[in-house]
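Visitor: Would you mind keeping the following structure in view while I ask a few things?
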Amino acid sequence: MNLKPALAVALIALTAISGCSRAGTSETPAAESKGAAAEVRLGYFPNVTHAAALIGVEKELFKSGLGSTKLTTQTFNAGPDEVNALLGESLDIGYIGSGPAINAYSKSKGEAVRLIAGATSGGAQLVTKPEINSVEDLKGKTIATPQLGNTQDVALKKYLAEKGLTGQVTVTNVENAASLDLFKKGDIAATWSPQPWSARIVAEAGGKVLLDEKTLWEGGSFPTTVVIVRTKFLQEHPETVEAVLKAHVAAIDWAKANPGEAKKTVNAALEKLTSKKLGDKILDAAWDNIELTTDAQAKHFPQLAKDAVTAGVAKEAADVAGYADFTLLNKVLQAQGKPQVQAAGLDKK
């Protein structure tokens, strides 16, 4: 495999820092490190919003950085299913939406998982039939989201609640591929979808973007995809978690330095996972709608927890204090001369 200079540099960075062993941090109970794990099970979605994971796997950045540790991957359609895998201990590290990430922490009473990095900002849109000109036009219509309680489901229901449309719009939960078919058939009037699905509905089904979610956030940035880890795995195998984070940072660095090749790599990965390659226009539209970043934007998590209540998905806002542990990520970033990620108080209970 021929690697571009930037990728070669990124690969070198994976092995430039020696592994660490820590007894724990203030937000993660101390546990005896058992060294590198024999296996790490990594979850992610076949979405453009999970580009860092797709690139890391496709370019074998994770595999190269993990050395003798076996990498096993599993893909999901939406966050709640991945949460079940993490809480059921059949998954160790997951790329996941911010909503389900909070739910995983809340369901386990702050014990089972930790937020360790950001992955993507932006990349979710409300796409409607051409005749829909305002959110009020959706009264009596049906809108699809990927899964009950997933990131887009919460965002849509919160938005409808703020517009006084709760109960006046039917929200159905179907997989992204199914929502595209339903849109084509006219069975649904809109979807709140992550990329590339919103771009596909526009290009393949004649939809139009009524609202880009980034317009609802100050500065246009919000955490669409983050990285979380089982707390026990983090405690027992910090060396392995650090190796995964090095590969994660390398994947994002390479994608930013080589956007053209990065899009091709993501497309190749999507074709393997879904048996369908994206058209160039769809891929470009999806790619332009996201920002790859290691910053999980922790400052937004208290608001996201409240949004779940507004959306009617949660009875009370989850307490996210103590959720973030950016110790290993910041170690990787600092070693490479990059700015460290701020926990915004989420590292303390």
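The way I read the labels, and the way they are meant: chains A, B, ... in the order of the structure tokens, residue 1 as the first residue of every chain, and ligand 1 as the first ligand shown, with later ones counted on from there.
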Neighbours of His300 in chain A within 8 Å (only C-alpha atoms; same-chain residues fewer than 3 positions away dropped), as number ranges by chain?

Guide: A: 222-223, 297, 303-304

Visitor: Write a file of the just-selected residues containing N, CA, C and O atoms, as an mmCIF file, in the first residue's frame.

Guide:
data_model
loop_
_atom_site.group_PDB
_atom_site.id
_atom_site.type_symbol
_atom_site.label_atom_id
_atom_site.label_comp_id
_atom_site.auth_asym_id
_atom_site.auth_seq_id
_atom_site.Cartn_x
_atom_site.Cartn_y
_atom_site.Cartn_z
ATOM 1 N N PHE A 222 -21.568 21.333 17.053
ATOM 2 C CA PHE A 222 -22.155 20.500 18.089
ATOM 3 C C PHE A 222 -21.620 19.081 17.912
ATOM 4 O O PHE A 222 -21.244 18.680 16.808
ATOM 5 N N PRO A 223 -21.543 18.302 18.985
ATOM 6 C CA PRO A 223 -20.949 16.965 18.892
ATOM 7 C C PRO A 223 -21.902 15.942 18.289
ATOM 8 O O PRO A 223 -22.836 15.481 18.945
ATOM 9 N N GLN A 297 -16.464 18.644 22.547
ATOM 10 C CA GLN A 297 -17.286 19.799 22.905
ATOM 11 C C GLN A 297 -18.084 19.496 24.179
ATOM 12 O O GLN A 297 -19.312 19.587 24.213
ATOM 13 N N GLN A 303 -26.402 20.639 28.271
ATOM 14 C CA GLN A 303 -27.558 21.053 27.478
ATOM 15 C C GLN A 303 -28.159 19.872 26.729
ATOM 16 O O GLN A 303 -29.380 19.731 26.639
ATOM 17 N N LEU A 304 -27.307 19.010 26.192
ATOM 18 C CA LEU A 304 -27.805 17.823 25.490
ATOM 19 C C LEU A 304 -28.607 16.936 26.424
ATOM 20 O O LEU A 304 -29.610 16.333 26.023
#

Visitor: Write down as a VMD selection string the residues of range 48-266 of chain A whose backbone DSSP state falls under alpha helix (DSSP H).

Guide: chain A and resid 51 to 58 61 to 66 79 to 87 98 to 107 151 to 162 176 to 185 197 to 205 231 to 236 238 to 257 259 to 266

Visitor: Using only C-alpha atoms, which of A:Leu328, A:Gly94, A:Ser121, A:Gly345 sits nearest Glu239 in chain A?

Guide: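 Distance minimum relative to Glu239 in chain A lands on A:Leu328.
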
Visitor: With only C-alpha atoms as the basis for distance, which of A:Lys246, A:Ile282, A:Asp153, A:Ala178 is at the shortest distance from Glu204 in chain A?

Guide: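 With only C-alpha atoms as the atom set, the closest residue is A:Ile282.
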
Visitor: Can you check which residues of range 2-179 of chain A DSSP gives as strand (DSSP E or B) on the backbone and send them as a ChimeraX atom specification?

Guide: /A:25,28,39-44,70-75,93-97,113-122,124-128,142-145,170-173

Visitor: Next, dump the selected residues to file, keeping only C-alpha atoms, as a tab-separated table (two decimals), in the first residue's frame.

Guide:
chain	number	residue	atom	x	y	z
A	25	THR	CA	-7.57	9.48	37.68
A	28	THR	CA	-11.92	6.98	36.91
A	39	GLU	CA	-8.35	-7.94	21.85
A	40	VAL	CA	-10.20	-4.65	21.50
A	41	ARG	CA	-13.75	-4.63	20.11
A	42	LEU	CA	-14.52	-1.39	18.26
A	43	GLY	CA	-17.96	-0.23	17.17
A	44	TYR	CA	-19.00	2.45	14.66
A	70	LYS	CA	-6.38	-8.06	17.90
A	71	LEU	CA	-8.87	-5.55	16.46
A	72	THR	CA	-12.46	-6.74	16.09
A	73	THR	CA	-15.00	-4.37	14.55
A	74	GLN	CA	-18.78	-4.21	14.55
A	75	THR	CA	-21.08	-1.73	12.82
A	93	ILE	CA	-14.86	1.23	22.49
A	94	GLY	CA	-17.52	2.89	20.39
A	95	TYR	CA	-17.94	5.78	17.99
A	96	ILE	CA	-21.43	6.96	18.85
A	97	GLY	CA	-23.82	9.90	18.80
A	113	VAL	CA	-18.59	4.19	30.28
A	114	ARG	CA	-16.39	7.26	29.84
A	115	LEU	CA	-16.25	9.92	27.15
A	116	ILE	CA	-12.68	9.93	25.80
A	117	ALA	CA	-12.71	11.94	22.55
A	118	GLY	CA	-14.69	13.76	19.94
A	119	ALA	CA	-14.93	12.60	16.33
A	120	THR	CA	-17.32	14.74	14.29
A	121	SER	CA	-19.16	18.03	14.54
A	122	GLY	CA	-22.19	18.72	12.37
A	124	ALA	CA	-27.36	16.20	10.49
A	125	GLN	CA	-30.22	17.77	8.56
A	126	LEU	CA	-33.99	17.91	8.35
A	127	VAL	CA	-34.78	16.92	4.77
A	128	THR	CA	-38.33	17.29	3.47
A	142	THR	CA	-44.68	11.71	9.29
A	143	ILE	CA	-40.95	12.26	9.90
A	144	ALA	CA	-38.40	9.47	10.23
A	145	THR	CA	-35.39	9.24	12.55
A	170	THR	CA	-45.81	11.65	13.72
A	171	VAL	CA	-42.24	10.51	14.35
A	172	THR	CA	-41.37	7.03	13.15
A	173	ASN	CA	-38.12	5.22	13.82

Visitor: In terms of the shortest atom-to-atom distance over only C-alpha atoms, which of A:Leu210, A:Leu160, A:Val174, A:Ala255 is closest to Leu148 in chain A?

Guide: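 Between A:Leu210, A:Leu160, A:Val174, A:Ala255, the residue approaching Leu148 in chain A most closely is A:Val174.
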
Visitor: Would you kindly return, as a PyMOL selection string, each protein, DNA or RNA residue with an atom no farther than 8 Å from any atom of Leu87 in chain A, considering only C-alpha atoms and excluding same-chain residues fewer than 5 positions away?

Guide: chain A and resi 104+108+112+230

Visitor: Quick one: everything within 9 Å of Lys263 in chain A, counting only C-alpha atoms, minus sequence neighbours fewer than 5 positions away in the same chain. Send it as a PyMOL selection string.

Guide: chain A and resi 48+51+255+258+268+283-284+287

Visitor: Between A:Lys256, A:Lys349, A:Lys272, A:Lys157, single out the one closest to Ala308 in chain A, counting only C-alpha atoms.

Guide: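 Using only C-alpha atoms, the shortest distance to Ala308 in chain A belongs to A:Lys157.
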
Visitor: Report, in Å with one decimal, the straight-line distance from CA of Lys139 in chain A to CA of Gly312 in chain A.

Guide: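 Interatomic distance here is 18.3 Å.
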
Visitor: Go through A:Lys214, A:Lys232, A:Lys34, A:Lys348 one by one, measure the shortest atom-to-atom distance of each to Leu91 in chain A using only C-alpha atoms, and give the residue with the smallest value.

Guide: A:Lys232

Visitor: Which residue gives the smallest distance to Ala311 in chain A among A:Val226, A:Leu165, A:Val202, A:Val57, with only C-alpha atoms counted?

Guide: A:Leu165

Visitor: Within 12 Å of Gln147 in chain A, counting only C-alpha atoms, which residues qualify if same-chain residues fewer than 2 places away don't, as a PDB file with all heavy atoms, in the first residue's frame?

Guide:
ATOM      1  N   PHE A  76     -23.065  -0.560  13.529  1.00  0.00           N
ATOM      2  CA  PHE A  76     -24.417  -0.386  14.043  1.00  0.00           C
ATOM      3  C   PHE A  76     -25.150   0.632  13.174  1.00  0.00           C
ATOM      4  O   PHE A  76     -24.526   1.445  12.493  1.00  0.00           O
ATOM      5  CB  PHE A  76     -24.383   0.109  15.485  1.00  0.00           C
ATOM      6  CG  PHE A  76     -23.708  -0.842  16.441  1.00  0.00           C
ATOM      7  CD1 PHE A  76     -22.319  -0.852  16.581  1.00  0.00           C
ATOM      8  CD2 PHE A  76     -24.450  -1.735  17.194  1.00  0.00           C
ATOM      9  CE1 PHE A  76     -21.691  -1.730  17.456  1.00  0.00           C
ATOM     10  CE2 PHE A  76     -23.834  -2.623  18.073  1.00  0.00           C
ATOM     11  CZ  PHE A  76     -22.453  -2.625  18.196  1.00  0.00           C
ATOM     12  N   ASN A  77     -26.480   0.602  13.229  1.00  0.00           N
ATOM     13  CA  ASN A  77     -27.281   1.583  12.506  1.00  0.00           C
ATOM     14  C   ASN A  77     -27.531   2.833  13.335  1.00  0.00           C
ATOM     15  O   ASN A  77     -27.616   3.932  12.802  1.00  0.00           O
ATOM     16  CB  ASN A  77     -28.625   0.977  12.090  1.00  0.00           C
ATOM     17  CG  ASN A  77     -29.552   1.994  11.449  1.00  0.00           C
ATOM     18  OD1 ASN A  77     -29.303   2.461  10.346  1.00  0.00           O
ATOM     19  ND2 ASN A  77     -30.625   2.368  12.144  1.00  0.00           N
ATOM     20  N   ALA A  78     -27.631   2.660  14.656  1.00  0.00           N
ATOM     21  CA  ALA A  78     -27.932   3.793  15.533  1.00  0.00           C
ATOM     22  C   ALA A  78     -27.402   3.513  16.938  1.00  0.00           C
ATOM     23  O   ALA A  78     -27.117   2.375  17.307  1.00  0.00           O
ATOM     24  CB  ALA A  78     -29.439   4.070  15.574  1.00  0.00           C
ATOM     25  N   GLY A  79     -27.307   4.596  17.709  1.00  0.00           N
ATOM     26  CA  GLY A  79     -26.662   4.547  19.002  1.00  0.00           C
ATOM     27  C   GLY A  79     -27.242   3.617  20.051  1.00  0.00           C
ATOM     28  O   GLY A  79     -26.484   2.950  20.761  1.00  0.00           O
ATOM     29  N   PRO A  80     -28.565   3.551  20.236  1.00  0.00           N
ATOM     30  CA  PRO A  80     -29.106   2.692  21.294  1.00  0.00           C
ATOM     31  C   PRO A  80     -28.651   1.239  21.208  1.00  0.00           C
ATOM     32  O   PRO A  80     -28.403   0.604  22.234  1.00  0.00           O
ATOM     33  CB  PRO A  80     -30.618   2.834  21.093  1.00  0.00           C
ATOM     34  CG  PRO A  80     -30.778   4.242  20.581  1.00  0.00           C
ATOM     35  CD  PRO A  80     -29.612   4.421  19.646  1.00  0.00           C
ATOM     36  N   ASP A  81     -28.531   0.699  19.996  1.00  0.00           N
ATOM     37  CA  ASP A  81     -28.049  -0.673  19.857  1.00  0.00           C
ATOM     38  C   ASP A  81     -26.587  -0.785  20.294  1.00  0.00           C
ATOM     39  O   ASP A  81     -26.185  -1.775  20.921  1.00  0.00           O
ATOM     40  CB  ASP A  81     -28.185  -1.148  18.411  1.00  0.00           C
ATOM     41  CG  ASP A  81     -29.633  -1.426  18.020  1.00  0.00           C
ATOM     42  OD1 ASP A  81     -30.460  -1.651  18.930  1.00  0.00           O
ATOM     43  OD2 ASP A  81     -29.934  -1.417  16.813  1.00  0.00           O
ATOM     44  N   GLU A  82     -25.809   0.238  19.978  1.00  0.00           N
ATOM     45  CA  GLU A  82     -24.411   0.220  20.381  1.00  0.00           C
ATOM     46  C   GLU A  82     -24.288   0.380  21.899  1.00  0.00           C
ATOM     47  O   GLU A  82     -23.404  -0.233  22.518  1.00  0.00           O
ATOM     48  CB  GLU A  82     -23.627   1.322  19.665  1.00  0.00           C
ATOM     49  CG  GLU A  82     -22.121   1.225  19.878  1.00  0.00           C
ATOM     50  CD  GLU A  82     -21.347   2.186  19.002  1.00  0.00           C
ATOM     51  OE1 GLU A  82     -21.141   3.339  19.440  1.00  0.00           O
ATOM     52  OE2 GLU A  82     -20.957   1.802  17.893  1.00  0.00           O
ATOM     53  N   GLY A  97     -23.224   8.577  18.715  1.00  0.00           N
ATOM     54  CA  GLY A  97     -23.819   9.900  18.800  1.00  0.00           C
ATOM     55  C   GLY A  97     -23.850  10.409  20.232  1.00  0.00           C
ATOM     56  O   GLY A  97     -23.842   9.625  21.192  1.00  0.00           O
ATOM     57  N   GLY A  99     -26.228  11.792  22.013  1.00  0.00           N
ATOM     58  CA  GLY A  99     -27.408  11.439  22.789  1.00  0.00           C
ATOM     59  C   GLY A  99     -27.301  10.060  23.424  1.00  0.00           C
ATOM     60  O   GLY A  99     -27.425   9.927  24.652  1.00  0.00           O
ATOM     61  N   PRO A 100     -27.079   9.023  22.637  1.00  0.00           N
ATOM     62  CA  PRO A 100     -26.902   7.690  23.219  1.00  0.00           C
ATOM     63  C   PRO A 100     -25.685   7.594  24.139  1.00  0.00           C
ATOM     64  O   PRO A 100     -25.678   6.805  25.086  1.00  0.00           O
ATOM     65  CB  PRO A 100     -26.741   6.792  21.984  1.00  0.00           C
ATOM     66  CG  PRO A 100     -27.499   7.507  20.928  1.00  0.00           C
ATOM     67  CD  PRO A 100     -27.216   8.961  21.185  1.00  0.00           C
ATOM     68  N   ILE A 143     -42.388  12.027  10.041  1.00  0.00           N
ATOM     69  CA  ILE A 143     -40.946  12.255   9.903  1.00  0.00           C
ATOM     70  C   ILE A 143     -40.216  11.040  10.457  1.00  0.00           C
ATOM     71  O   ILE A 143     -40.602  10.497  11.500  1.00  0.00           O
ATOM     72  CB  ILE A 143     -40.491  13.514  10.677  1.00  0.00           C
ATOM     73  CG1 ILE A 143     -41.330  14.725  10.288  1.00  0.00           C
ATOM     74  CG2 ILE A 143     -39.012  13.798  10.419  1.00  0.00           C
ATOM     75  CD1 ILE A 143     -40.997  15.983  11.076  1.00  0.00           C
ATOM     76  N   ALA A 144     -39.173  10.627   9.789  1.00  0.00           N
ATOM     77  CA  ALA A 144     -38.398   9.468  10.227  1.00  0.00           C
ATOM     78  C   ALA A 144     -37.090   9.872  10.883  1.00  0.00           C
ATOM     79  O   ALA A 144     -36.439  10.831  10.467  1.00  0.00           O
ATOM     80  CB  ALA A 144     -38.113   8.551   9.042  1.00  0.00           C
ATOM     81  N   THR A 145     -36.730   9.140  11.938  1.00  0.00           N
ATOM     82  CA  THR A 145     -35.395   9.238  12.549  1.00  0.00           C
ATOM     83  C   THR A 145     -34.844   7.816  12.645  1.00  0.00           C
ATOM     84  O   THR A 145     -35.611   6.841  12.618  1.00  0.00           O
ATOM     85  CB  THR A 145     -35.444   9.870  13.954  1.00  0.00           C
ATOM     86  OG1 THR A 145     -36.179   9.013  14.832  1.00  0.00           O
ATOM     87  CG2 THR A 145     -36.087  11.254  13.902  1.00  0.00           C
ATOM     88  N   GLY A 149     -34.678   7.488  20.553  1.00  0.00           N
ATOM     89  CA  GLY A 149     -33.677   7.924  21.512  1.00  0.00           C
ATOM     90  C   GLY A 149     -32.294   8.138  20.942  1.00  0.00           C
ATOM     91  O   GLY A 149     -31.374   8.459  21.693  1.00  0.00           O
ATOM     92  N   ASN A 150     -32.138   7.982  19.628  1.00  0.00           N
ATOM     93  CA  ASN A 150     -30.807   8.241  19.073  1.00  0.00           C
ATOM     94  C   ASN A 150     -30.601   9.745  18.939  1.00  0.00           C
ATOM     95  O   ASN A 150     -31.499  10.551  19.214  1.00  0.00           O
ATOM     96  CB  ASN A 150     -30.604   7.486  17.749  1.00  0.00           C
ATOM     97  CG  ASN A 150     -30.868   8.336  16.519  1.00  0.00           C
ATOM     98  OD1 ASN A 150     -31.931   8.932  16.402  1.00  0.00           O
ATOM     99  ND2 ASN A 150     -29.919   8.381  15.624  1.00  0.00           N
ATOM    100  N   THR A 151     -29.419  10.167  18.528  1.00  0.00           N
ATOM    101  CA  THR A 151     -29.070  11.585  18.520  1.00  0.00           C
ATOM    102  C   THR A 151     -30.027  12.410  17.676  1.00  0.00           C
ATOM    103  O   THR A 151     -30.491  13.488  18.088  1.00  0.00           O
ATOM    104  CB  THR A 151     -27.626  11.777  18.011  1.00  0.00           C
ATOM    105  OG1 THR A 151     -26.752  10.984  18.823  1.00  0.00           O
ATOM    106  CG2 THR A 151     -27.204  13.233  18.103  1.00  0.00           C
ATOM    107  N   GLN A 152     -30.341  11.921  16.475  1.00  0.00           N
ATOM    108  CA  GLN A 152     -31.242  12.671  15.591  1.00  0.00           C
ATOM    109  C   GLN A 152     -32.679  12.637  16.090  1.00  0.00           C
ATOM    110  O   GLN A 152     -33.433  13.600  15.921  1.00  0.00           O
ATOM    111  CB  GLN A 152     -31.162  12.124  14.155  1.00  0.00           C
ATOM    112  CG  GLN A 152     -29.883  12.473  13.416  1.00  0.00           C
ATOM    113  CD  GLN A 152     -28.699  11.639  13.859  1.00  0.00           C
ATOM    114  OE1 GLN A 152     -28.814  10.418  13.980  1.00  0.00           O
ATOM    115  NE2 GLN A 152     -27.565  12.273  14.106  1.00  0.00           N
ATOM    116  N   ASP A 153     -33.076  11.552  16.723  1.00  0.00           N
ATOM    117  CA  ASP A 153     -34.427  11.445  17.272  1.00  0.00           C
ATOM    118  C   ASP A 153     -34.643  12.490  18.362  1.00  0.00           C
ATOM    119  O   ASP A 153     -35.670  13.183  18.391  1.00  0.00           O
ATOM    120  CB  ASP A 153     -34.633  10.036  17.836  1.00  0.00           C
ATOM    121  CG  ASP A 153     -36.066   9.777  18.265  1.00  0.00           C
ATOM    122  OD1 ASP A 153     -36.952   9.800  17.395  1.00  0.00           O
ATOM    123  OD2 ASP A 153     -36.285   9.545  19.468  1.00  0.00           O
ATOM    124  N   VAL A 154     -33.645  12.628  19.239  1.00  0.00           N
ATOM    125  CA  VAL A 154     -33.733  13.632  20.304  1.00  0.00           C
ATOM    126  C   VAL A 154     -33.740  15.039  19.713  1.00  0.00           C
ATOM    127  O   VAL A 154     -34.542  15.898  20.124  1.00  0.00           O
ATOM    128  CB  VAL A 154     -32.565  13.474  21.294  1.00  0.00           C
ATOM    129  CG1 VAL A 154     -32.527  14.657  22.275  1.00  0.00           C
ATOM    130  CG2 VAL A 154     -32.688  12.169  22.058  1.00  0.00           C
ATOM    131  N   ALA A 155     -32.873  15.281  18.739  1.00  0.00           N
ATOM    132  CA  ALA A 155     -32.783  16.619  18.139  1.00  0.00           C
ATOM    133  C   ALA A 155     -34.093  17.018  17.479  1.00  0.00           C
ATOM    134  O   ALA A 155     -34.567  18.153  17.634  1.00  0.00           O
ATOM    135  CB  ALA A 155     -31.645  16.651  17.121  1.00  0.00           C
ATOM    136  N   LEU A 156     -34.694  16.083  16.737  1.00  0.00           N
ATOM    137  CA  LEU A 156     -35.963  16.375  16.074  1.00  0.00           C
ATOM    138  C   LEU A 156     -37.063  16.661  17.093  1.00  0.00           C
ATOM    139  O   LEU A 156     -37.788  17.665  16.980  1.00  0.00           O
ATOM    140  CB  LEU A 156     -36.374  15.206  15.183  1.00  0.00           C
ATOM    141  CG  LEU A 156     -37.816  15.277  14.648  1.00  0.00           C
ATOM    142  CD1 LEU A 156     -37.999  16.491  13.745  1.00  0.00           C
ATOM    143  CD2 LEU A 156     -38.195  13.992  13.923  1.00  0.00           C
ATOM    144  N   VAL A 171     -43.649  10.865  14.493  1.00  0.00           N
ATOM    145  CA  VAL A 171     -42.236  10.511  14.351  1.00  0.00           C
ATOM    146  C   VAL A 171     -42.130   8.999  14.335  1.00  0.00           C
ATOM    147  O   VAL A 171     -42.564   8.324  15.276  1.00  0.00           O
ATOM    148  CB  VAL A 171     -41.383  11.081  15.509  1.00  0.00           C
ATOM    149  CG1 VAL A 171     -39.921  10.669  15.325  1.00  0.00           C
ATOM    150  CG2 VAL A 171     -41.503  12.605  15.546  1.00  0.00           C
ATOM    151  N   THR A 172     -41.571   8.469  13.260  1.00  0.00           N
ATOM    152  CA  THR A 172     -41.371   7.030  13.147  1.00  0.00           C
ATOM    153  C   THR A 172     -39.883   6.722  13.143  1.00  0.00           C
ATOM    154  O   THR A 172     -39.083   7.521  12.649  1.00  0.00           O
ATOM    155  CB  THR A 172     -42.032   6.480  11.855  1.00  0.00           C
ATOM    156  OG1 THR A 172     -41.928   5.055  11.834  1.00  0.00           O
ATOM    157  CG2 THR A 172     -41.375   7.040  10.611  1.00  0.00           C
ATOM    158  N   ASN A 173     -39.526   5.600  13.712  1.00  0.00           N
ATOM    159  CA  ASN A 173     -38.118   5.222  13.820  1.00  0.00           C
ATOM    160  C   ASN A 173     -37.820   4.055  12.882  1.00  0.00           C
ATOM    161  O   ASN A 173     -38.333   2.956  13.063  1.00  0.00           O
ATOM    162  CB  ASN A 173     -37.767   4.824  15.257  1.00  0.00           C
ATOM    163  CG  ASN A 173     -38.195   5.868  16.270  1.00  0.00           C
ATOM    164  OD1 ASN A 173     -39.001   5.604  17.148  1.00  0.00           O
ATOM    165  ND2 ASN A 173     -37.659   7.067  16.138  1.00  0.00           N
ATOM    166  N   VAL A 174     -37.009   4.317  11.871  1.00  0.00           N
ATOM    167  CA  VAL A 174     -36.627   3.290  10.901  1.00  0.00           C
ATOM    168  C   VAL A 174     -35.153   3.455  10.553  1.00  0.00           C
ATOM    169  O   VAL A 174     -34.588   4.546  10.688  1.00  0.00           O
ATOM    170  CB  VAL A 174     -37.472   3.370   9.612  1.00  0.00           C
ATOM    171  CG1 VAL A 174     -38.927   3.069   9.904  1.00  0.00           C
ATOM    172  CG2 VAL A 174     -37.338   4.734   8.947  1.00  0.00           C
ATOM    173  N   GLU A 175     -34.535   2.383  10.114  1.00  0.00           N
ATOM    174  CA  GLU A 175     -33.144   2.470   9.714  1.00  0.00           C
ATOM    175  C   GLU A 175     -32.985   3.449   8.561  1.00  0.00           C
ATOM    176  O   GLU A 175     -33.899   3.665   7.770  1.00  0.00           O
ATOM    177  CB  GLU A 175     -32.626   1.085   9.301  1.00  0.00           C
ATOM    178  CG  GLU A 175     -32.534   0.105  10.446  1.00  0.00           C
ATOM    179  CD  GLU A 175     -31.814  -1.170  10.055  1.00  0.00           C
ATOM    180  OE1 GLU A 175     -31.373  -1.281   8.885  1.00  0.00           O
ATOM    181  OE2 GLU A 175     -31.675  -2.052  10.917  1.00  0.00           O
ATOM    182  N   ASN A 176     -31.781   4.017   8.456  1.00  0.00           N
ATOM    183  CA  ASN A 176     -31.544   5.051   7.451  1.00  0.00           C
ATOM    184  C   ASN A 176     -31.874   4.593   6.038  1.00  0.00           C
ATOM    185  O   ASN A 176     -32.486   5.328   5.265  1.00  0.00           O
ATOM    186  CB  ASN A 176     -30.087   5.503   7.526  1.00  0.00           C
ATOM    187  CG  ASN A 176     -29.783   6.282   8.789  1.00  0.00           C
ATOM    188  OD1 ASN A 176     -30.473   7.236   9.116  1.00  0.00           O
ATOM    189  ND2 ASN A 176     -28.755   5.872   9.521  1.00  0.00           N
ATOM    190  N   ALA A 178     -33.947   2.324   5.099  1.00  0.00           N
ATOM    191  CA  ALA A 178     -35.392   2.186   4.967  1.00  0.00           C
ATOM    192  C   ALA A 178     -36.070   3.546   4.838  1.00  0.00           C
ATOM    193  O   ALA A 178     -37.055   3.698   4.103  1.00  0.00           O
ATOM    194  CB  ALA A 178     -35.960   1.423   6.162  1.00  0.00           C
ATOM    195  N   SER A 179     -35.532   4.554   5.532  1.00  0.00           N
ATOM    196  CA  SER A 179     -36.135   5.891   5.441  1.00  0.00           C
ATOM    197  C   SER A 179     -35.994   6.456   4.027  1.00  0.00           C
ATOM    198  O   SER A 179     -36.886   7.161   3.548  1.00  0.00           O
ATOM    199  CB  SER A 179     -35.502   6.833   6.463  1.00  0.00           C
ATOM    200  OG  SER A 179     -34.158   7.123   6.140  1.00  0.00           O
ATOM    201  N   THR A 191     -37.192  13.477   6.922  1.00  0.00           N
ATOM    202  CA  THR A 191     -36.314  12.711   7.807  1.00  0.00           C
ATOM    203  C   THR A 191     -35.367  13.690   8.502  1.00  0.00           C
ATOM    204  O   THR A 191     -35.036  14.742   7.952  1.00  0.00           O
ATOM    205  CB  THR A 191     -35.448  11.679   7.058  1.00  0.00           C
ATOM    206  OG1 THR A 191     -34.439  12.348   6.287  1.00  0.00           O
ATOM    207  CG2 THR A 191     -36.278  10.814   6.139  1.00  0.00           C
ATOM    208  N   TRP A 192     -34.961  13.323   9.699  1.00  0.00           N
ATOM    209  CA  TRP A 192     -33.862  14.036  10.369  1.00  0.00           C
ATOM    210  C   TRP A 192     -32.733  13.018  10.374  1.00  0.00           C
ATOM    211  O   TRP A 192     -32.741  12.070  11.157  1.00  0.00           O
ATOM    212  CB  TRP A 192     -34.257  14.439  11.791  1.00  0.00           C
ATOM    213  CG  TRP A 192     -33.340  15.467  12.413  1.00  0.00           C
ATOM    214  CD1 TRP A 192     -32.016  15.324  12.690  1.00  0.00           C
ATOM    215  CD2 TRP A 192     -33.684  16.794  12.827  1.00  0.00           C
ATOM    216  NE1 TRP A 192     -31.504  16.473  13.254  1.00  0.00           N
ATOM    217  CE2 TRP A 192     -32.509  17.399  13.349  1.00  0.00           C
ATOM    218  CE3 TRP A 192     -34.856  17.544  12.822  1.00  0.00           C
ATOM    219  CZ2 TRP A 192     -32.485  18.695  13.862  1.00  0.00           C
ATOM    220  CZ3 TRP A 192     -34.827  18.826  13.327  1.00  0.00           C
ATOM    221  CH2 TRP A 192     -33.654  19.399  13.842  1.00  0.00           C
ATOM    222  N   SER A 193     -31.788  13.200   9.459  1.00  0.00           N
ATOM    223  CA  SER A 193     -30.819  12.148   9.186  1.00  0.00           C
ATOM    224  C   SER A 193     -29.377  12.628   9.270  1.00  0.00           C
ATOM    225  O   SER A 193     -29.083  13.791   8.989  1.00  0.00           O
ATOM    226  CB  SER A 193     -31.046  11.573   7.777  1.00  0.00           C
ATOM    227  OG  SER A 193     -32.355  11.094   7.613  1.00  0.00           O
ATOM    228  N   PRO A 194     -28.462  11.701   9.609  1.00  0.00           N
ATOM    229  CA  PRO A 194     -27.033  12.009   9.551  1.00  0.00           C
ATOM    230  C   PRO A 194     -26.516  11.822   8.129  1.00  0.00           C
ATOM    231  O   PRO A 194     -27.187  11.192   7.292  1.00  0.00           O
ATOM    232  CB  PRO A 194     -26.425  10.967  10.503  1.00  0.00           C
ATOM    233  CG  PRO A 194     -27.312   9.770  10.318  1.00  0.00           C
ATOM    234  CD  PRO A 194     -28.705  10.329  10.137  1.00  0.00           C
ATOM    235  N   VAL A 313     -37.791  12.132  25.702  1.00  0.00           N
ATOM    236  CA  VAL A 313     -37.079  10.856  25.666  1.00  0.00           C
ATOM    237  C   VAL A 313     -36.620  10.443  27.059  1.00  0.00           C
ATOM    238  O   VAL A 313     -36.481   9.262  27.362  1.00  0.00           O
ATOM    239  CB  VAL A 313     -35.880  10.940  24.699  1.00  0.00           C
ATOM    240  CG1 VAL A 313     -35.016   9.692  24.760  1.00  0.00           C
ATOM    241  CG2 VAL A 313     -36.386  11.164  23.273  1.00  0.00           C
TER     242      VAL A 313
END
